[in-house]
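> This one is work37.pdb, PDB, C-alpha atoms.
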ATOM      1  CA  MET A  94     153.031 193.600 204.532  1.00  0.00           C
ATOM      2  CA  ALA A  95     151.488 194.239 201.111  1.00  0.00           C
ATOM      3  CA  PHE A  96     151.697 197.968 201.810  1.00  0.00           C
ATOM      4  CA  ILE A  97     155.484 197.735 202.400  1.00  0.00           C
ATOM      5  CA  ILE A  98     156.043 195.719 199.196  1.00  0.00           C
ATOM      6  CA  PHE A  99     153.870 198.167 197.240  1.00  0.00           C
ATOM      7  CA  GLY A 100     155.909 201.073 198.645  1.00  0.00           C
ATOM      8  CA  ILE A 101     159.229 199.452 197.688  1.00  0.00           C
ATOM      9  CA  VAL A 102     158.006 198.698 194.134  1.00  0.00           C
ATOM     10  CA  LEU A 103     156.709 202.269 193.776  1.00  0.00           C
ATOM     11  CA  PHE A 104     160.032 203.666 194.994  1.00  0.00           C
ATOM     12  CA  ILE A 105     161.991 201.528 192.481  1.00  0.00           C
ATOM     13  CA  CYS A 106     159.670 202.643 189.653  1.00  0.00           C
ATOM     14  CA  ILE A 107     160.121 206.324 190.535  1.00  0.00           C
ATOM     15  CA  ILE A 108     163.929 205.957 190.634  1.00  0.00           C
ATOM     16  CA  THR A 109     163.929 204.117 187.277  1.00  0.00           C
ATOM     17  CA  VAL A 110     161.777 206.758 185.567  1.00  0.00           C
ATOM     18  CA  THR A 111     163.976 209.528 186.969  1.00  0.00           C
ATOM     19  CA  LEU A 112     167.170 207.876 185.703  1.00  0.00           C
ATOM     20  CA  VAL A 113     165.674 207.291 182.237  1.00  0.00           C
ATOM     21  CA  LEU A 114     164.597 210.945 181.995  1.00  0.00           C
ATOM     22  CA  ILE A 115     168.021 212.180 183.078  1.00  0.00           C
ATOM     23  CA  LYS A 116     169.666 209.944 180.486  1.00  0.00           C
ATOM     24  CA  LYS A 117     167.361 211.170 177.688  1.00  0.00           C
ATOM     25  CA  LEU A 118     167.806 214.845 178.587  1.00  0.00           C
ATOM     26  CA  SER A 119     171.603 214.593 178.776  1.00  0.00           C
ATOM     27  CA  ASN A 120     172.151 212.643 175.528  1.00  0.00           C
ATOM     28  CA  ASN A 121     174.022 215.470 173.741  1.00  0.00           C
ATOM     29  CA  ASP A 122     175.849 216.744 176.826  1.00  0.00           C
ATOM     30  CA  ILE A 123     179.230 215.219 176.010  1.00  0.00           C
ATOM     31  CA  MET A 124     180.241 214.787 172.387  1.00  0.00           C
ATOM     32  CA  LEU A 125     182.974 215.376 169.793  1.00  0.00           C
ATOM     33  CA  ASP A 126     182.337 215.758 166.064  1.00  0.00           C
ATOM     34  CA  VAL A 127     185.178 215.876 163.511  1.00  0.00           C
ATOM     35  CA  THR A 128     184.898 216.857 159.821  1.00  0.00           C
ATOM     36  CA  ALA A 129     187.459 217.748 157.161  1.00  0.00           C
ATOM     37  CA  THR A 130     187.309 220.146 154.228  1.00  0.00           C
ATOM     38  CA  CYS A 131     189.747 220.683 151.393  1.00  0.00           C
ATOM     39  CA  ASN A 132     191.098 224.242 151.314  1.00  0.00           C
ATOM     40  CA  GLY A 133     192.948 224.203 148.000  1.00  0.00           C
ATOM     41  CA  ARG A 134     196.722 224.456 147.800  1.00  0.00           C
ATOM     42  CA  ASN A 135     199.380 226.541 149.490  1.00  0.00           C
ATOM     43  CA  GLU A 136     202.242 228.465 147.850  1.00  0.00           C
ATOM     44  CA  ASP A 137     204.313 225.239 147.723  1.00  0.00           C
ATOM     45  CA  ASN A 138     201.487 223.553 145.744  1.00  0.00           C
ATOM     46  CA  GLN A 139     200.671 221.238 148.674  1.00  0.00           C
ATOM     47  CA  ALA A 140     197.058 220.233 149.258  1.00  0.00           C
ATOM     48  CA  ILE A 141     195.539 221.728 152.409  1.00  0.00           C
ATOM     49  CA  MET A 142     192.926 220.030 154.595  1.00  0.00           C
ATOM     50  CA  LYS A 143     191.263 221.698 157.554  1.00  0.00           C
ATOM     51  CA  VAL A 144     190.098 219.225 160.171  1.00  0.00           C
ATOM     52  CA  TYR A 145     187.310 220.913 162.134  1.00  0.00           C
ATOM     53  CA  PHE A 146     186.250 219.680 165.544  1.00  0.00           C
ATOM     54  CA  MET A 147     183.248 220.704 167.615  1.00  0.00           C
ATOM     55  CA  TYR A 148     182.906 219.473 171.166  1.00  0.00           C
ATOM     56  CA  SER A 149     180.629 219.716 174.128  1.00  0.00           C
ATOM     57  CA  ILE A 150     181.597 218.769 177.659  1.00  0.00           C
ATOM     58  CA  GLY A 151     178.214 219.505 179.224  1.00  0.00           C
ATOM     59  CA  ARG A 152     178.061 219.699 183.004  1.00  0.00           C
ATOM     60  CA  VAL A 153     181.804 219.135 183.265  1.00  0.00           C
ATOM     61  CA  ALA A 154     182.142 222.747 182.048  1.00  0.00           C
ATOM     62  CA  ARG A 155     180.993 224.079 185.408  1.00  0.00           C
ATOM     63  CA  ARG A 156     183.841 222.430 187.276  1.00  0.00           C
ATOM     64  CA  ARG A 157     187.531 223.237 187.377  1.00  0.00           C
ATOM     65  CA  ARG A 158     188.876 221.641 184.215  1.00  0.00           C
ATOM     66  CA  GLU A 159     191.866 221.232 181.927  1.00  0.00           C
ATOM     67  CA  ILE A 160     191.723 220.136 178.291  1.00  0.00           C
ATOM     68  CA  ILE A 161     194.467 218.712 176.106  1.00  0.00           C
ATOM     69  CA  GLY A 162     193.793 218.047 172.447  1.00  0.00           C
ATOM     70  CA  SER A 163     195.570 215.605 170.178  1.00  0.00           C
ATOM     71  CA  ILE A 164     195.489 215.195 166.391  1.00  0.00           C
ATOM     72  CA  GLU A 165     196.578 212.077 164.538  1.00  0.00           C
ATOM     73  CA  TRP A 166     196.887 211.837 160.774  1.00  0.00           C
ATOM     74  CA  SER A 167     197.553 209.478 157.885  1.00  0.00           C
ATOM     75  CA  GLU A 168     200.943 208.934 156.318  1.00  0.00           C
ATOM     76  CA  GLY A 169     201.965 211.704 153.928  1.00  0.00           C
ATOM     77  CA  TRP A 170     200.118 214.464 155.796  1.00  0.00           C
ATOM     78  CA  MET A 171     201.670 216.897 158.264  1.00  0.00           C
ATOM     79  CA  PRO A 172     199.966 219.329 160.677  1.00  0.00           C
ATOM     80  CA  VAL A 173     201.152 222.911 160.452  1.00  0.00           C
ATOM     81  CA  SER A 174     198.822 224.885 162.714  1.00  0.00           C
ATOM     82  CA  TYR A 175     195.653 224.915 164.772  1.00  0.00           C
ATOM     83  CA  ASN A 176     193.106 227.490 165.824  1.00  0.00           C
ATOM     84  CA  LEU A 177     190.478 227.544 168.554  1.00  0.00           C
ATOM     85  CA  LYS A 178     187.368 229.626 168.832  1.00  0.00           C
ATOM     86  CA  GLU A 179     188.039 231.646 171.978  1.00  0.00           C
ATOM     87  CA  ASN A 180     185.523 234.031 173.507  1.00  0.00           C
ATOM     88  CA  GLY A 181     183.247 233.438 170.509  1.00  0.00           C
ATOM     89  CA  ALA A 182     185.711 234.133 167.667  1.00  0.00           C
ATOM     90  CA  TYR A 183     188.693 232.606 165.907  1.00  0.00           C
ATOM     91  CA  HIS A 184     191.945 234.458 166.490  1.00  0.00           C
ATOM     92  CA  GLU A 185     195.439 233.833 165.143  1.00  0.00           C
ATOM     93  CA  GLU A 186     196.546 230.325 164.236  1.00  0.00           C
ATOM     94  CA  ARG A 187     199.132 228.647 166.454  1.00  0.00           C
ATOM     95  CA  LEU A 188     201.920 226.527 165.008  1.00  0.00           C
ATOM     96  CA  LEU A 189     202.085 222.785 165.568  1.00  0.00           C
ATOM     97  CA  PHE A 190     205.473 221.132 165.623  1.00  0.00           C
ATOM     98  CA  ALA A 191     205.754 217.570 164.338  1.00  0.00           C
ATOM     99  CA  THR A 192     208.382 215.507 162.581  1.00  0.00           C
ATOM    100  CA  THR A 193     207.887 213.097 159.696  1.00  0.00           C
ATOM    101  CA  GLU A 194     208.372 210.185 162.140  1.00  0.00           C
ATOM    102  CA  GLN A 195     205.363 211.250 164.216  1.00  0.00           C
ATOM    103  CA  SER A 196     201.763 210.376 163.502  1.00  0.00           C
ATOM    104  CA  TYR A 197     200.194 212.568 166.208  1.00  0.00           C
ATOM    105  CA  CYS A 198     200.843 215.725 168.214  1.00  0.00           C
ATOM    106  CA  THR A 199     199.151 217.488 171.120  1.00  0.00           C
ATOM    107  CA  PHE A 200     197.960 221.016 171.771  1.00  0.00           C
ATOM    108  CA  ASP A 201     196.622 222.848 174.816  1.00  0.00           C
ATOM    109  CA  ILE A 202     193.110 224.223 175.034  1.00  0.00           C
ATOM    110  CA  ASN A 203     192.506 227.099 177.442  1.00  0.00           C
ATOM    111  CA  ALA A 204     189.188 225.932 178.903  1.00  0.00           C
ATOM    112  CA  THR A 205     188.353 229.355 180.318  1.00  0.00           C
ATOM    113  CA  LYS A 206     188.473 231.027 176.894  1.00  0.00           C
ATOM    114  CA  ALA A 207     187.588 228.160 174.544  1.00  0.00           C
ATOM    115  CA  ILE A 208     184.385 226.875 176.175  1.00  0.00           C
ATOM    116  CA  ASP A 209     181.139 228.843 176.101  1.00  0.00           C
ATOM    117  CA  GLU A 210     178.546 228.920 178.882  1.00  0.00           C
ATOM    118  CA  GLN A 211     176.817 225.777 177.501  1.00  0.00           C
ATOM    119  CA  GLY A 212     180.094 223.836 177.670  1.00  0.00           C
ATOM    120  CA  ARG A 213     180.723 223.868 173.898  1.00  0.00           C
ATOM    121  CA  GLY A 214     183.762 224.795 171.843  1.00  0.00           C
ATOM    122  CA  GLU A 215     185.272 224.373 168.418  1.00  0.00           C
ATOM    123  CA  GLY A 216     188.510 224.608 166.492  1.00  0.00           C
ATOM    124  CA  TYR A 217     190.436 223.259 163.555  1.00  0.00           C
ATOM    125  CA  VAL A 218     193.811 221.811 162.632  1.00  0.00           C
ATOM    126  CA  VAL A 219     195.459 222.545 159.270  1.00  0.00           C
ATOM    127  CA  LEU A 220     197.117 219.570 157.536  1.00  0.00           C
ATOM    128  CA  VAL A 221     199.226 219.763 154.368  1.00  0.00           C
ATOM    129  CA  LEU A 222     199.996 216.888 152.010  1.00  0.00           C
ATOM    130  CA  GLN A 223     203.782 216.616 152.016  1.00  0.00           C
ATOM    131  CA  ASN A 224     204.249 213.166 150.497  1.00  0.00           C
ATOM    132  CA  PRO A 225     201.361 211.771 148.455  1.00  0.00           C
ATOM    133  CA  THR A 226     200.863 208.054 149.084  1.00  0.00           C
ATOM    134  CA  LEU A 227     199.320 205.285 147.001  1.00  0.00           C
ATOM    135  CA  SER A 228     196.467 204.983 149.476  1.00  0.00           C
ATOM    136  CA  ASN A 229     193.011 205.991 148.216  1.00  0.00           C
ATOM    137  CA  ILE A 230     191.787 207.201 151.601  1.00  0.00           C
ATOM    138  CA  SER A 231     193.364 209.375 154.285  1.00  0.00           C
ATOM    139  CA  ARG A 232     192.082 209.983 157.782  1.00  0.00           C
ATOM    140  CA  ALA A 233     192.551 212.299 160.712  1.00  0.00           C
ATOM    141  CA  GLY A 234     191.396 211.860 164.278  1.00  0.00           C
ATOM    142  CA  VAL A 235     191.011 214.207 167.206  1.00  0.00           C
ATOM    143  CA  VAL A 236     191.200 213.161 170.848  1.00  0.00           C
ATOM    144  CA  LEU A 237     190.306 215.499 173.710  1.00  0.00           C
ATOM    145  CA  ALA A 238     191.279 214.659 177.268  1.00  0.00           C
ATOM    146  CA  VAL A 239     189.114 216.670 179.670  1.00  0.00           C
ATOM    147  CA  THR A 240     190.180 216.575 183.312  1.00  0.00           C
ATOM    148  CA  ALA A 241     187.709 217.880 185.891  1.00  0.00           C
ATOM    149  CA  ASN A 242     188.062 217.339 189.639  1.00  0.00           C
ATOM    150  CA  MET A 243     190.788 214.718 189.153  1.00  0.00           C
ATOM    151  CA  VAL A 244     188.656 212.645 186.731  1.00  0.00           C
ATOM    152  CA  THR A 245     189.683 212.457 183.067  1.00  0.00           C
ATOM    153  CA  TYR A 246     187.123 212.039 180.305  1.00  0.00           C
ATOM    154  CA  GLN A 247     188.394 211.106 176.848  1.00  0.00           C
ATOM    155  CA  LEU A 248     186.469 212.111 173.723  1.00  0.00           C
ATOM    156  CA  SER A 249     187.560 210.890 170.300  1.00  0.00           C
ATOM    157  CA  ASP A 250     186.295 211.016 166.742  1.00  0.00           C
ATOM    158  CA  SER A 251     187.828 210.743 163.298  1.00  0.00           C
ATOM    159  CA  THR A 252     187.068 211.519 159.687  1.00  0.00           C
ATOM    160  CA  SER A 253     188.365 210.294 156.351  1.00  0.00           C
ATOM    161  CA  TRP A 254     188.468 211.520 152.787  1.00  0.00           C
ATOM    162  CA  HIS A 255     189.320 210.236 149.325  1.00  0.00           C
ATOM    163  CA  ASN A 256     192.776 211.324 148.196  1.00  0.00           C
ATOM    164  CA  ASP A 257     191.805 211.693 144.542  1.00  0.00           C
ATOM    165  CA  VAL A 258     189.645 214.710 145.474  1.00  0.00           C
ATOM    166  CA  VAL A 259     192.581 216.378 147.216  1.00  0.00           C
ATOM    167  CA  VAL A 260     195.390 215.505 144.798  1.00  0.00           C
ATOM    168  CA  ASN A 261     193.560 216.537 141.603  1.00  0.00           C
TER     169      ASN A 261
END
Any chance you could give the structure as structure tokens?

Amino acid sequence: MAFIIFGIVLFICIITVTLVLIKKLSNNDIMLDVTATCNGRNEDNQAIMKVYFMYSIGRVARRRREIIGSIEWSEGWMPVSYNLKENGAYHEERLLFATTEQSYCTFDINATKAIDEQGRGEGYVVLVLQNPTLSNISRAGVVLAVTANMVTYQLSDSTSWHNDVVVN
């Protein structure tokens, strides 16, 4: 009887150690990181912010997948374009269409071109300041919806910046 109990306890310990190791080794498998940088002003003297996003979808990259991205922004800002690193390089920017009543818009990500063999990708969205507000801080957030084998994973992250740096 003691031998059976010892075997069960040993089996549970082995399973627990295996699960802990898998968890530790896969910590950075799925992630989204968003940062913003000021890129000066355009020809209309509007401040320009580029919101960069880097993502990793880990093992999900090996399965059939679809990715839809979404950007949301603070009042006064408006997205004008986005660009994705495809096949290892940035190509031409694509236009984003949004109205002043909207606070977010979506864009498609071609998973075959935009994700490398490790399951990572990156891109950016260009925002312009159309109507400066009295707020001291603005923010932008990116949401990625990754669908693989009929399961959808949602990644989200946001960043903020002080408006006095951008306006002056």
> Expanded to explicit residues, what is the PyMOL selection byres ((chain A and resi 122-139) around 7) for this file, as number ranges by chain?
A: 119-121, 140-151, 221-223, 248-252, 259
> To one decimal in Å, tell me the separation between CA of Pro172 in chain A and CA of Phe200 in chain A.
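Interatomic distance, CA of Pro172 in chain A to CA of Phe200 in chain A: 11.4 Å.
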> List the spatial neighbours of range 173-187 of chain A as a PDB file with C-alpha atoms, keeping the file's coordinate frame - criterion: any atom at most 9 Å away, all atoms listed in the file, same-chain residues fewer than 6 positions off excluded.

ATOM      1  CA  PHE A 200     197.960 221.016 171.771  1.00  0.00           C
ATOM      2  CA  ILE A 202     193.110 224.223 175.034  1.00  0.00           C
ATOM      3  CA  ASN A 203     192.506 227.099 177.442  1.00  0.00           C
ATOM      4  CA  THR A 205     188.353 229.355 180.318  1.00  0.00           C
ATOM      5  CA  LYS A 206     188.473 231.027 176.894  1.00  0.00           C
ATOM      6  CA  ALA A 207     187.588 228.160 174.544  1.00  0.00           C
ATOM      7  CA  ILE A 208     184.385 226.875 176.175  1.00  0.00           C
ATOM      8  CA  ASP A 209     181.139 228.843 176.101  1.00  0.00           C
ATOM      9  CA  GLY A 214     183.762 224.795 171.843  1.00  0.00           C
ATOM     10  CA  GLU A 215     185.272 224.373 168.418  1.00  0.00           C
ATOM     11  CA  GLY A 216     188.510 224.608 166.492  1.00  0.00           C
ATOM     12  CA  TYR A 217     190.436 223.259 163.555  1.00  0.00           C
ATOM     13  CA  VAL A 218     193.811 221.811 162.632  1.00  0.00           C
ATOM     14  CA  VAL A 219     195.459 222.545 159.270  1.00  0.00           C
ATOM     15  CA  LEU A 220     197.117 219.570 157.536  1.00  0.00           C
ATOM     16  CA  VAL A 221     199.226 219.763 154.368  1.00  0.00           C
TER      17      VAL A 221
END
> What does the structure give for the distance between CA of Ala204 in chain A and CA of Asn242 in chain A, in Å to one decimal?
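The value is 13.8 Å.
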> One decimal, in Å: what's the spacing between CA of Leu188 in chain A and CA of Ile160 in chain A?
17.9 Å
> Looking at all atoms listed in the file, which of A:Thr109, A:Gln211, A:Thr199, A:Ser253 is the one that sits closest to Asn229 in chain A?
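Comparing A:Thr109, A:Gln211, A:Thr199, A:Ser253 against Asn229 in chain A, the winner is A:Ser253.
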> Quick one: everything within 12 Å of Glu194 in chain A, counting only C-alpha atoms, minus sequence neighbours fewer than 4 positions away in the same chain. Send it as a compact mmCIF listing (two decimals) with C-alpha atoms, in the coordinates of the input.

# COMPACT_ATOMS: atom_id res chain seq x y z
CA TRP A 166 196.89 211.84 160.77
CA SER A 167 197.55 209.48 157.88
CA GLU A 168 200.94 208.93 156.32
CA GLY A 169 201.96 211.70 153.93
CA TRP A 170 200.12 214.46 155.80
CA MET A 171 201.67 216.90 158.26
CA PHE A 190 205.47 221.13 165.62
CA CYS A 198 200.84 215.72 168.21
> Given all atoms listed in the file as the basis, pick out the residue of A:Asn256, A:Ile230, A:Asp201, A:Val235 nearest to Ile161 in chain A.
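Under the stated criterion, the closest residue is A:Asp201.
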> Please, what is the axis-aligned box for every listed atom of range 236-251 of chain A with 8 Å on each side, as centre and edge lengths in Å to one decimal, as lines of an AutoDock Vina configuration file?

center_x = 188.8
center_y = 214.3
center_z = 176.5
size_x = 21.0
size_y = 23.1
size_z = 42.3
> Using only C-alpha atoms, which residues sit within 8 Å of Tyr197 in chain A once same-chain residues fewer than 4 positions away are excluded, as a VMD selection string?
chain A and resid 163 to 166 191
> May I ask which of the residues A:Glu159, A:Ile108, A:Val102, A:Thr226 is the closest one to Thr245 in chain A, counting all atoms listed in the file?
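Nearest candidate to Thr245 in chain A out of A:Glu159, A:Ile108, A:Val102, A:Thr226: A:Glu159.
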